[in-house]
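Student: Please find one structure pasted underneath; my questions will follow.
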Amino acid sequence: MKVLITGAASNIGFSTAISLAKLDNYVYLTVHHEYEIEKVLEKVKELKLENNIECFKLDITLESDRKKIRDLDIDCLVNNAAIGIGGSMVEIPIDLMKENFEVNVFSTLRLTQIYLAHLIAEGKSGKVVFMSSIAGIIPISFLGSYCATKASLIMIATNLRKEVRLLNKDIKVKLIEPGIYNTGFNDIMIENKLERKNTYFNDLESITLKQKKLFELIGHDNLESITRKIVEAVLDDSNKLLYRAPLSQVIMTKLYMLLFK
Ligand SMILES: NC(=O)c1ccc[n+]([C@@H]2O[C@H](COP(=O)([O-])OP(=O)(O)OC[C@H]3O[C@@H](n4cnc5c(N)ncnc54)[C@H](OP(=O)(O)O)[C@@H]3O)[C@@H](O)[C@H]2O)c1
């Protein structure tokens, strides 16, 4: 298969790209910034995967970059790129929340629509994978903006899946809901609210510290379980929508839904 992954310079996106390439798929490993390419290609060479991986810059918020995928032959688009902006719903600046939605939701959907247009025009089959999160199901205080973007992706993926069926096209939609993994992504999101000086919450620093410790405690260091799920979703031609990992947090999420939803 030919698979394009966004935001794949490191962590979950990178490990997914490597796993897919090792299974002899061809991966367009795309990165947010130009400067990330050299380091990525070094790692790819070390792993002797240069024949299976092509790396280029794709900032999903830029139309000029999104256009790059128009002429590519892609069997599966993995929408992995995201940012997390922390802060309470009481006071988070709306412009920051817009930025969070611009990356995680609107740019992701814009890129997906370019891919879908290509599939529809060429009468080709294809697959779209969306990276949501358990944060799209379970509300997490002070991470409401990120939670809202991931909840939106659940609805977008679910609606898209229904709608492409009406087109009678072989286009599969997959939704990944990872639990907490210690990639550094969550730390940045938990901490970046402290950069804003004015807050109604006098103890914001200690709240932040506690939340960081809790995430570290629950979070998984090893990305194998989530990488395996994403690879499964990419390769799975069934109509299955939802893929979750790790198991401990899947159980926790199910308990939450049973008790509170
Ligand atoms: N880690 C977790 O606990 C967890 C849990 C649930 C879901 N997820 C989701 O899993 C995905 C990967 O997260 P991760 O933990 O592996 O962290 P990560 O490495 O920080 O992944 C996010 C990637 O998105 C890139 N990115 C940000 N803005 C972009 C843009 N405009 N265009 C292209 N790429 C952009 C980042 O690039 P730069 O760093 O260069 O800006 C980064 O490479 C994300 O969708 C995240 O929401 C993570």
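All residue names refer to the structure tokens as shown: chains lettered A, B, ... in order, residues numbered from 1 in each chain, ligands numbered from 1 in order.
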Taking 5 positions as the minimum chain separation for residues in the same chain, which residues sit within 12 Å of region 240-246 of chain A when counting only C-alpha atoms? Answer as number ranges by chain.
Tutor: A: 127-134, 154-155, 157-162, 171-181, 218-235, 251-254
Student: Could you take the residues named above and write them with C-alpha atoms, as a compact mmCIF listing (two decimals), in the first residue's frame?
Tutor:
```txt
# COMPACT_ATOMS: atom_id res chain seq x y z
CA LYS A 127 -8.90 4.86 3.21
CA VAL A 128 -8.82 7.78 5.63
CA VAL A 129 -7.57 7.39 9.18
CA PHE A 130 -8.35 10.06 11.79
CA MET A 131 -6.38 10.33 15.03
CA SER A 132 -8.88 11.26 17.71
CA SER A 133 -8.24 10.49 21.39
CA ILE A 134 -9.94 9.26 24.53
CA ILE A 154 -15.16 11.59 16.10
CA MET A 155 -18.26 13.21 14.58
CA ALA A 157 -15.19 10.56 10.86
CA THR A 158 -18.54 9.01 11.72
CA ASN A 159 -20.48 11.28 9.37
CA LEU A 160 -17.94 10.93 6.59
CA ARG A 161 -18.16 7.14 6.87
CA LYS A 162 -21.95 7.28 6.43
CA ILE A 171 -13.68 4.50 0.62
CA LYS A 172 -13.08 3.31 4.19
CA VAL A 173 -12.95 5.59 7.21
CA LYS A 174 -11.03 4.64 10.35
CA LEU A 175 -10.99 6.32 13.74
CA ILE A 176 -8.15 5.86 16.23
CA GLU A 177 -8.74 6.72 19.88
CA PRO A 178 -5.42 6.42 21.69
CA GLY A 179 -5.19 6.65 25.45
CA ILE A 180 -2.36 8.56 27.11
CA TYR A 181 1.18 7.99 25.81
CA ILE A 218 -1.17 6.69 33.64
CA GLY A 219 0.68 7.26 30.37
CA HIS A 220 2.44 4.52 28.46
CA ASP A 221 6.08 5.01 27.48
CA ASN A 222 6.03 2.29 24.87
CA LEU A 223 4.22 3.20 21.64
CA GLU A 224 3.95 -0.37 20.39
CA SER A 225 0.30 -0.93 21.36
CA ILE A 226 -0.98 2.19 19.57
CA THR A 227 1.34 1.72 16.58
CA ARG A 228 -0.01 -1.81 16.16
CA LYS A 229 -3.61 -0.50 16.21
CA ILE A 230 -2.94 2.18 13.60
CA VAL A 231 -1.18 -0.32 11.34
CA GLU A 232 -4.14 -2.67 11.81
CA ALA A 233 -6.54 0.12 10.79
CA VAL A 234 -4.46 1.05 7.73
CA LEU A 235 -4.31 -2.53 6.50
CA ILE A 251 -11.31 -0.50 29.92
CA MET A 252 -11.18 2.80 31.83
CA THR A 253 -12.98 4.58 28.97
CA LYS A 254 -15.66 1.90 28.78
```
Student: Could you list, as a ChimeraX atom specification, every residue within 8 Å of region 198-215 of chain A, counting only C-alpha atoms and ignoring same-chain residues fewer than 4 positions away?
Tutor: /A:91,180,182,186-187,190-191,194,219
Student: Write out the residues from the selection above, keeping C-alpha atoms, as a short mmCIF file (atom, residue, chain, number, x, y, z; two decimals), in the first residue's frame.
Tutor:
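Listing of again.cif after writing:
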```cif
data_model
loop_
_atom_site.label_atom_id
_atom_site.label_comp_id
_atom_site.auth_asym_id
_atom_site.auth_seq_id
_atom_site.Cartn_x
_atom_site.Cartn_y
_atom_site.Cartn_z
CA GLU A 91 -10.86 32.07 30.14
CA ILE A 180 -2.36 8.56 27.11
CA ASN A 182 4.21 9.82 27.17
CA ASN A 186 0.62 16.11 26.61
CA ASP A 187 3.30 17.86 28.70
CA ILE A 190 -0.68 20.84 29.99
CA GLU A 191 2.04 23.46 30.49
CA LEU A 194 1.04 28.93 32.14
CA GLY A 219 0.68 7.26 30.37
#
```
Student: In region 72-177 of chain A, what's strand (DSSP E) per DSSP? Answer as an MDAnalysis selection string?
Tutor: chainID A and resid 76:79 126:131 171:177
Student: Give the alpha helix (DSSP H) residues of region 85-237 of chain A, as assigned by DSSP on the backbone, as number ranges by chain.
Tutor: A: 94-101, 108-122, 144-166, 185-191, 204-218, 224-235
Student: Could you jot down the CA of Val3 (chain A) to CA of Gly84 (chain A) separation for me, Å, one decimal place?
Tutor: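 Atom-to-atom, CA of Val3 (chain A) and CA of Gly84 (chain A) are spaced 24.7 Å apart.
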Student: With distances taken over only C-alpha atoms and all ligand atoms, which residue among A:Leu47, A:Ala9, A:Leu29, A:Ala21 lies nearest ligand 1?
Tutor: A:Ala9
Student: Suppose you want the space between CA of Cys76 (chain A) and atom 13 (O, counted along the ligand's line) of ligand 1; what is it in Å?
Tutor: 18.3 Å
Student: Fewer than 5 positions away in the same chain doesn't count, so skip those; otherwise give me all residues within 7 Å of region 52-63 of chain A, counting only C-alpha atoms, as an NGL selection string.
Tutor: :A and (21 or 24-34 or 37 or 103 or 107-108 or 111)
Student: Output N, CA and C atoms for every residue in that selection, as a JSON list (two decimals), in the first residue's frame.
Tutor:
```
[["chain", "number", "residue", "atom", "x", "y", "z"],
["A", 21, "ALA", "N", 6.48, 0.67, 6.80],
["A", 21, "ALA", "CA", 7.55, 0.47, 5.83],
["A", 21, "ALA", "C", 8.18, -0.91, 6.02],
["A", 24, "ASP", "N", 6.72, -3.60, 4.23],
["A", 24, "ASP", "CA", 6.88, -3.43, 2.78],
["A", 24, "ASP", "C", 5.80, -2.55, 2.13],
["A", 25, "ASN", "N", 5.24, -1.67, 2.90],
["A", 25, "ASN", "CA", 4.37, -0.65, 2.31],
["A", 25, "ASN", "C", 5.24, 0.55, 1.92],
["A", 26, "TYR", "N", 4.72, 1.43, 1.06],
["A", 26, "TYR", "CA", 5.46, 2.64, 0.68],
["A", 26, "TYR", "C", 4.87, 3.82, 1.45],
["A", 27, "VAL", "N", 5.72, 4.51, 2.20],
["A", 27, "VAL", "CA", 5.20, 5.55, 3.09],
["A", 27, "VAL", "C", 5.67, 6.95, 2.70],
["A", 28, "TYR", "N", 4.70, 7.85, 2.53],
["A", 28, "TYR", "CA", 5.02, 9.27, 2.42],
["A", 28, "TYR", "C", 5.00, 9.80, 3.85],
["A", 29, "LEU", "N", 6.20, 9.90, 4.43],
["A", 29, "LEU", "CA", 6.31, 10.35, 5.82],
["A", 29, "LEU", "C", 6.42, 11.87, 5.79],
["A", 30, "THR", "N", 5.36, 12.57, 6.14],
["A", 30, "THR", "CA", 5.41, 14.02, 6.00],
["A", 30, "THR", "C", 5.61, 14.68, 7.36],
["A", 31, "VAL", "N", 6.32, 15.83, 7.31],
["A", 31, "VAL", "CA", 6.68, 16.51, 8.55],
["A", 31, "VAL", "C", 6.19, 17.96, 8.51],
["A", 32, "HIS", "N", 6.08, 18.52, 9.71],
["A", 32, "HIS", "CA", 5.56, 19.88, 9.85],
["A", 32, "HIS", "C", 6.55, 20.92, 9.29],
["A", 33, "HIS", "N", 7.85, 20.74, 9.61],
["A", 33, "HIS", "CA", 8.87, 21.73, 9.23],
["A", 33, "HIS", "C", 9.96, 21.11, 8.36],
["A", 34, "GLU", "N", 10.47, 21.94, 7.45],
["A", 34, "GLU", "CA", 11.56, 21.53, 6.54],
["A", 34, "GLU", "C", 12.76, 20.97, 7.32],
["A", 37, "ILE", "N", 13.35, 17.17, 8.15],
["A", 37, "ILE", "CA", 13.55, 16.14, 7.10],
["A", 37, "ILE", "C", 14.88, 15.41, 7.24],
["A", 103, "VAL", "N", -5.82, 23.62, 13.13],
["A", 103, "VAL", "CA", -4.90, 22.51, 12.84],
["A", 103, "VAL", "C", -5.63, 21.17, 12.93],
["A", 107, "SER", "N", -7.95, 21.99, 9.05],
["A", 107, "SER", "CA", -6.88, 21.65, 8.09],
["A", 107, "SER", "C", -6.88, 20.16, 7.80],
["A", 108, "THR", "N", -7.17, 19.37, 8.83],
["A", 108, "THR", "CA", -7.27, 17.92, 8.65],
["A", 108, "THR", "C", -8.38, 17.59, 7.66],
["A", 111, "LEU", "N", -7.42, 18.72, 4.03],
["A", 111, "LEU", "CA", -6.49, 17.77, 3.40],
["A", 111, "LEU", "C", -7.26, 16.51, 2.98]]
```
Student: Restricting the calculation to only C-alpha atoms: of A:Leu49, A:Leu77, A:Leu247, A:Ile85, which residue gets closest to Leu116 (chain A)?
Tutor: A:Leu77
